[in-house]
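Report on one structure; see the data block that follows.
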Amino acid sequence: MYESINPMHNLWSDRVWLKLQLTNGCYWHKCAFCDVALDYIGNFCCCDASQAADVVEQLIKKTGKRDFHFTDEAIPPVLARELSKEFISRGLKLTWWGNIRFDKGFSDEVCKLMAQSGCVAISAGLECAQERLLKLMNKGITLESARETCRALKSAGIMVHAYLMYDFPTETEEETLEALTNVRDMFADGLLDSAFWHRFALTVHSPIAANPSAFGITPDPNPRPDKLFALNEISYLEQDKPYIHRLGEALRIATHNYMAGNGFEYPSKFWINIADT
């Protein structure tokens with residue numbers, strides 16, 4: 001059972017998906033917030049497209065199901081292209097989706113091949129959706145490059161979901177509102193179908209944890225374990241922090257409306273006022 005205005009959340013639950021992992025780790029593995037010191041992120045290796053297609057074909061014959069969710073940290077564009085060609089050449093009629101980076105390698109040609117091979121959706125991290133913060137976290141993308149990737153995906157008929165982040169170290173309220181404006185414009189321009197904001201969490205094996213002072217934070221000498229997201233999270237202190245709860249609520253309300261096609265005419269600060277009431 002599912003009922004959500006978020007089409008990607010609905011996709012997760014609308015059928016049985018056969019889950020496969022095509023790669024280990026992330027081919028970028030440089031984002032400052034990510035646990036890149038762990039093998040499951042930092043030790044990247046990739047399967048052969050032909051071998052992956054063999055497994056998919058075997059599972060179709062074994063289960064009779066043709067719906068696949070590739071659970072990778074990020075499917076590289078080269079692998080997406082070659083795997084799509086394999087699916088097409090073998091005449092496999094399947095439906096699939098997975099996680100990527102907003103990488104310029106996802107060109108019009110690659111996205112069209114993906115759609116032809118059965119790709120219906122992708123998810124990817126746009127994170128703070130603000131240029132200074134994207135550079136600070138070493139995301140390896142810009143807003144413009146992300147928009148171009150989204151355009152190629154949407155032109156091919158592929159649904160796009162953005163993972164978003166707020167409360168990043170040194171992030172100001174003005175930058176959060178700028179990020180929301182950028183996200184609003186992407187929805188209004190038809191480049192996004194769904195999105196969800198996650199609050200930043202500092203984790204043990206990330207580059208930020210290795211050098212917190214470079215990001216304007218210090219470990220909390222009196223952490224509260226009950227306030228942590230997970231056992232690998234580090235509590236930290238930051239000066240001049242905006243009131244996060246109201247920002248998080250404003251982001252949630254605004255994005256809920258954008259997914260419904262509403263509220264594009266309002267400035268981002270409007271949603272702060274709504275959250276305050």
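Numbering starts fresh at 1 for the residues of each chain in the structure tokens, the chains themselves are lettered A, B, ... in the order given, and ligands are numbered from 1 as they appear.
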
For Cys119 of chain A, please output as a PyMOL selection string all residues within 12 Å (counting only C-alpha atoms; exclusion window: fewer than 2 positions along the same chain).
chain A and resi 66-70+80-81+83-85+87-88+93-99+110-117+121-123+153-154+156-160

Need the shell around segment 132-134 of chain A: protein/DNA/RNA residues with any atom at most 12 Å away, counting only C-alpha atoms. Skip same-chain ones fewer than 3 positions apart. Format as a ChimeraX atom specification?
/A:30-33,125-129,137-146,164-172,175-176,178-179,215

Selected residues, N, CA and C atoms, written as a short mmCIF file (atom, residue, chain, number, x, y, z; two decimals), in the first residue's frame, please.
```
data_model
loop_
_atom_site.label_atom_id
_atom_site.label_comp_id
_atom_site.auth_asym_id
_atom_site.auth_seq_id
_atom_site.Cartn_x
_atom_site.Cartn_y
_atom_site.Cartn_z
N LYS A 30 34.80 11.49 -3.68
CA LYS A 30 35.52 12.66 -3.20
C LYS A 30 34.64 13.61 -2.38
N CYS A 31 33.36 13.33 -2.25
CA CYS A 31 32.47 14.25 -1.54
C CYS A 31 32.85 14.33 -0.06
N ALA A 32 32.93 15.54 0.46
CA ALA A 32 33.43 15.76 1.82
C ALA A 32 32.53 15.18 2.89
N PHE A 33 31.24 15.03 2.60
CA PHE A 33 30.30 14.55 3.61
C PHE A 33 30.18 13.03 3.63
N GLY A 125 22.16 12.94 -6.29
CA GLY A 125 22.35 13.94 -5.26
C GLY A 125 22.64 15.31 -5.84
N LEU A 126 21.72 16.24 -5.61
CA LEU A 126 21.96 17.65 -5.91
C LEU A 126 22.46 18.36 -4.65
N GLU A 127 22.30 17.68 -3.52
CA GLU A 127 22.78 18.12 -2.21
C GLU A 127 22.30 19.53 -1.88
N CYS A 128 23.20 20.47 -1.58
CA CYS A 128 22.78 21.78 -1.09
C CYS A 128 22.26 22.70 -2.19
N ALA A 129 22.42 22.32 -3.44
CA ALA A 129 21.88 23.08 -4.57
C ALA A 129 22.29 24.54 -4.54
N MET A 137 31.94 21.19 -0.61
CA MET A 137 31.81 19.75 -0.34
C MET A 137 32.49 18.90 -1.40
N ASN A 138 33.07 19.54 -2.41
CA ASN A 138 33.79 18.83 -3.48
C ASN A 138 32.87 17.83 -4.19
N LYS A 139 31.68 18.31 -4.53
CA LYS A 139 30.69 17.45 -5.17
C LYS A 139 31.06 17.11 -6.61
N GLY A 140 31.83 17.98 -7.26
CA GLY A 140 32.24 17.68 -8.62
C GLY A 140 31.20 18.01 -9.67
N ILE A 141 30.17 18.76 -9.29
CA ILE A 141 29.17 19.22 -10.25
C ILE A 141 28.88 20.69 -9.98
N THR A 142 28.26 21.33 -10.93
CA THR A 142 27.74 22.68 -10.74
C THR A 142 26.23 22.63 -10.96
N LEU A 143 25.56 23.69 -10.59
CA LEU A 143 24.12 23.75 -10.83
C LEU A 143 23.82 23.67 -12.32
N GLU A 144 24.64 24.33 -13.11
CA GLU A 144 24.40 24.34 -14.55
C GLU A 144 24.60 22.95 -15.14
N SER A 145 25.65 22.25 -14.72
CA SER A 145 25.88 20.90 -15.25
C SER A 145 24.77 19.95 -14.80
N ALA A 146 24.29 20.14 -13.57
CA ALA A 146 23.19 19.30 -13.08
C ALA A 146 21.92 19.57 -13.89
N LEU A 164 18.45 16.04 -1.69
CA LEU A 164 18.88 17.38 -1.30
C LEU A 164 19.35 17.38 0.15
N MET A 165 20.17 18.35 0.49
CA MET A 165 20.78 18.41 1.82
C MET A 165 20.69 19.84 2.36
N TYR A 166 20.41 19.96 3.65
CA TYR A 166 20.47 21.28 4.29
C TYR A 166 21.22 21.15 5.61
N ASP A 167 21.57 22.29 6.21
CA ASP A 167 22.35 22.36 7.45
C ASP A 167 23.78 21.89 7.25
N PHE A 168 24.34 22.11 6.06
CA PHE A 168 25.74 21.79 5.83
C PHE A 168 26.60 22.78 6.61
N PRO A 169 27.78 22.37 7.10
CA PRO A 169 28.64 23.30 7.83
C PRO A 169 28.91 24.60 7.06
N THR A 170 28.77 25.71 7.75
CA THR A 170 28.93 27.10 7.27
C THR A 170 27.75 27.57 6.43
N GLU A 171 26.75 26.74 6.18
CA GLU A 171 25.60 27.15 5.38
C GLU A 171 24.79 28.22 6.12
N THR A 172 24.50 29.30 5.44
CA THR A 172 23.72 30.38 6.03
C THR A 172 22.25 30.24 5.64
N GLU A 175 21.78 31.22 2.07
CA GLU A 175 22.17 30.19 1.11
C GLU A 175 21.12 29.09 1.03
N THR A 176 20.49 28.77 2.15
CA THR A 176 19.41 27.79 2.14
C THR A 176 18.25 28.29 1.28
N GLU A 178 18.52 30.49 -1.13
CA GLU A 178 18.99 30.48 -2.51
C GLU A 178 18.87 29.07 -3.11
N ALA A 179 19.22 28.06 -2.31
CA ALA A 179 19.10 26.67 -2.76
C ALA A 179 17.65 26.33 -3.08
N PHE A 215 35.96 23.20 7.93
CA PHE A 215 34.55 23.42 7.63
C PHE A 215 33.86 24.22 8.74
#
```

Could you name the residues that touch Pro7 of chain A at 9 Å or less, counting only C-alpha atoms, but leaving out those on the same chain fewer than 5 positions away, as a PyMOL selection string?
chain A and resi 12+159+161+193-194+259

Output as a PyMOL selection string all residues of segment 2-230 of chain A that backbone DSSP marks as strand (DSSP E or B).
chain A and resi 18-20+23-24+45-46+67-70+95-100+119-127+159-166+194-199+203+218-219

Which one of A:Ser107, A:Thr218, A:Ser50, A:Thr255 sits closest to Phe187 of chain A if you count only C-alpha atoms?
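Closest candidate: A:Thr255.
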
Mind listing the alpha helix (DSSP H) residues of segment 17-231 of chain A, per DSSP on the backbone, as a PyMOL selection string?
chain A and resi 39-42+49-63+77-89+108-117+131-136+143-155+173-188+207-210

What's the 12 Å shell around Gln51 of chain A, counting only C-alpha atoms, without same-chain residues fewer than 2 positions away, as JSON, numbers by chain?
{"A": [22, 46, 47, 48, 49, 53, 54, 55, 56, 57, 58, 79, 82, 83, 86, 87]}

Within 7 Å of Leu180 of chain A, counting only C-alpha atoms, which residues qualify if same-chain residues fewer than 4 places away don't, as a PDB file with N, CA and C atoms, in the first residue's frame?
```pdb
ATOM      1  N   THR A 176      20.494  28.772   2.154  1.00  0.00           N
ATOM      2  CA  THR A 176      19.410  27.785   2.137  1.00  0.00           C
ATOM      3  C   THR A 176      18.254  28.289   1.281  1.00  0.00           C
ATOM      4  N   ARG A 184      13.239  25.264  -6.811  1.00  0.00           N
ATOM      5  CA  ARG A 184      11.952  25.713  -7.368  1.00  0.00           C
ATOM      6  C   ARG A 184      12.046  25.910  -8.872  1.00  0.00           C
ATOM      7  N   LEU A 251      11.538  24.007   3.872  1.00  0.00           N
ATOM      8  CA  LEU A 251      11.967  23.232   2.706  1.00  0.00           C
ATOM      9  C   LEU A 251      10.977  22.113   2.404  1.00  0.00           C
ATOM     10  N   SER A 268      11.225  32.364  -2.012  1.00  0.00           N
ATOM     11  CA  SER A 268      11.578  31.317  -1.052  1.00  0.00           C
ATOM     12  C   SER A 268      11.274  31.714   0.383  1.00  0.00           C
TER      13      SER A 268
END
```

Å distance separating atom CA of Tyr163 of chain A from atom CA of Ala195 of chain A, one decimal place
5.9 Å

Which is closest to Leu20 of chain A among A:Met186, A:Ile100, A:Leu202, A:Leu59, if we use only C-alpha atoms?
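Smallest distance to Leu20 of chain A is found for A:Leu59.
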
At a cut-off of 8 Å, using only C-alpha atoms, what residues contact Pro77 of chain A? Leave out same-chain residues fewer than 5 positions from it and give the result as a PyMOL selection string.
chain A and resi 103+105-106+110

Same residues, C-alpha atoms, output as a PDB file, in the first residue's frame:
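What follows is the written file result19.pdb:
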```pdb
ATOM      1  CA  ASP A 103      27.406  13.736 -14.418  1.00  0.00           C
ATOM      2  CA  GLY A 105      28.597  11.990 -19.183  1.00  0.00           C
ATOM      3  CA  PHE A 106      24.831  11.410 -19.206  1.00  0.00           C
ATOM      4  CA  VAL A 110      23.233   7.970 -23.329  1.00  0.00           C
TER       5      VAL A 110
END
```
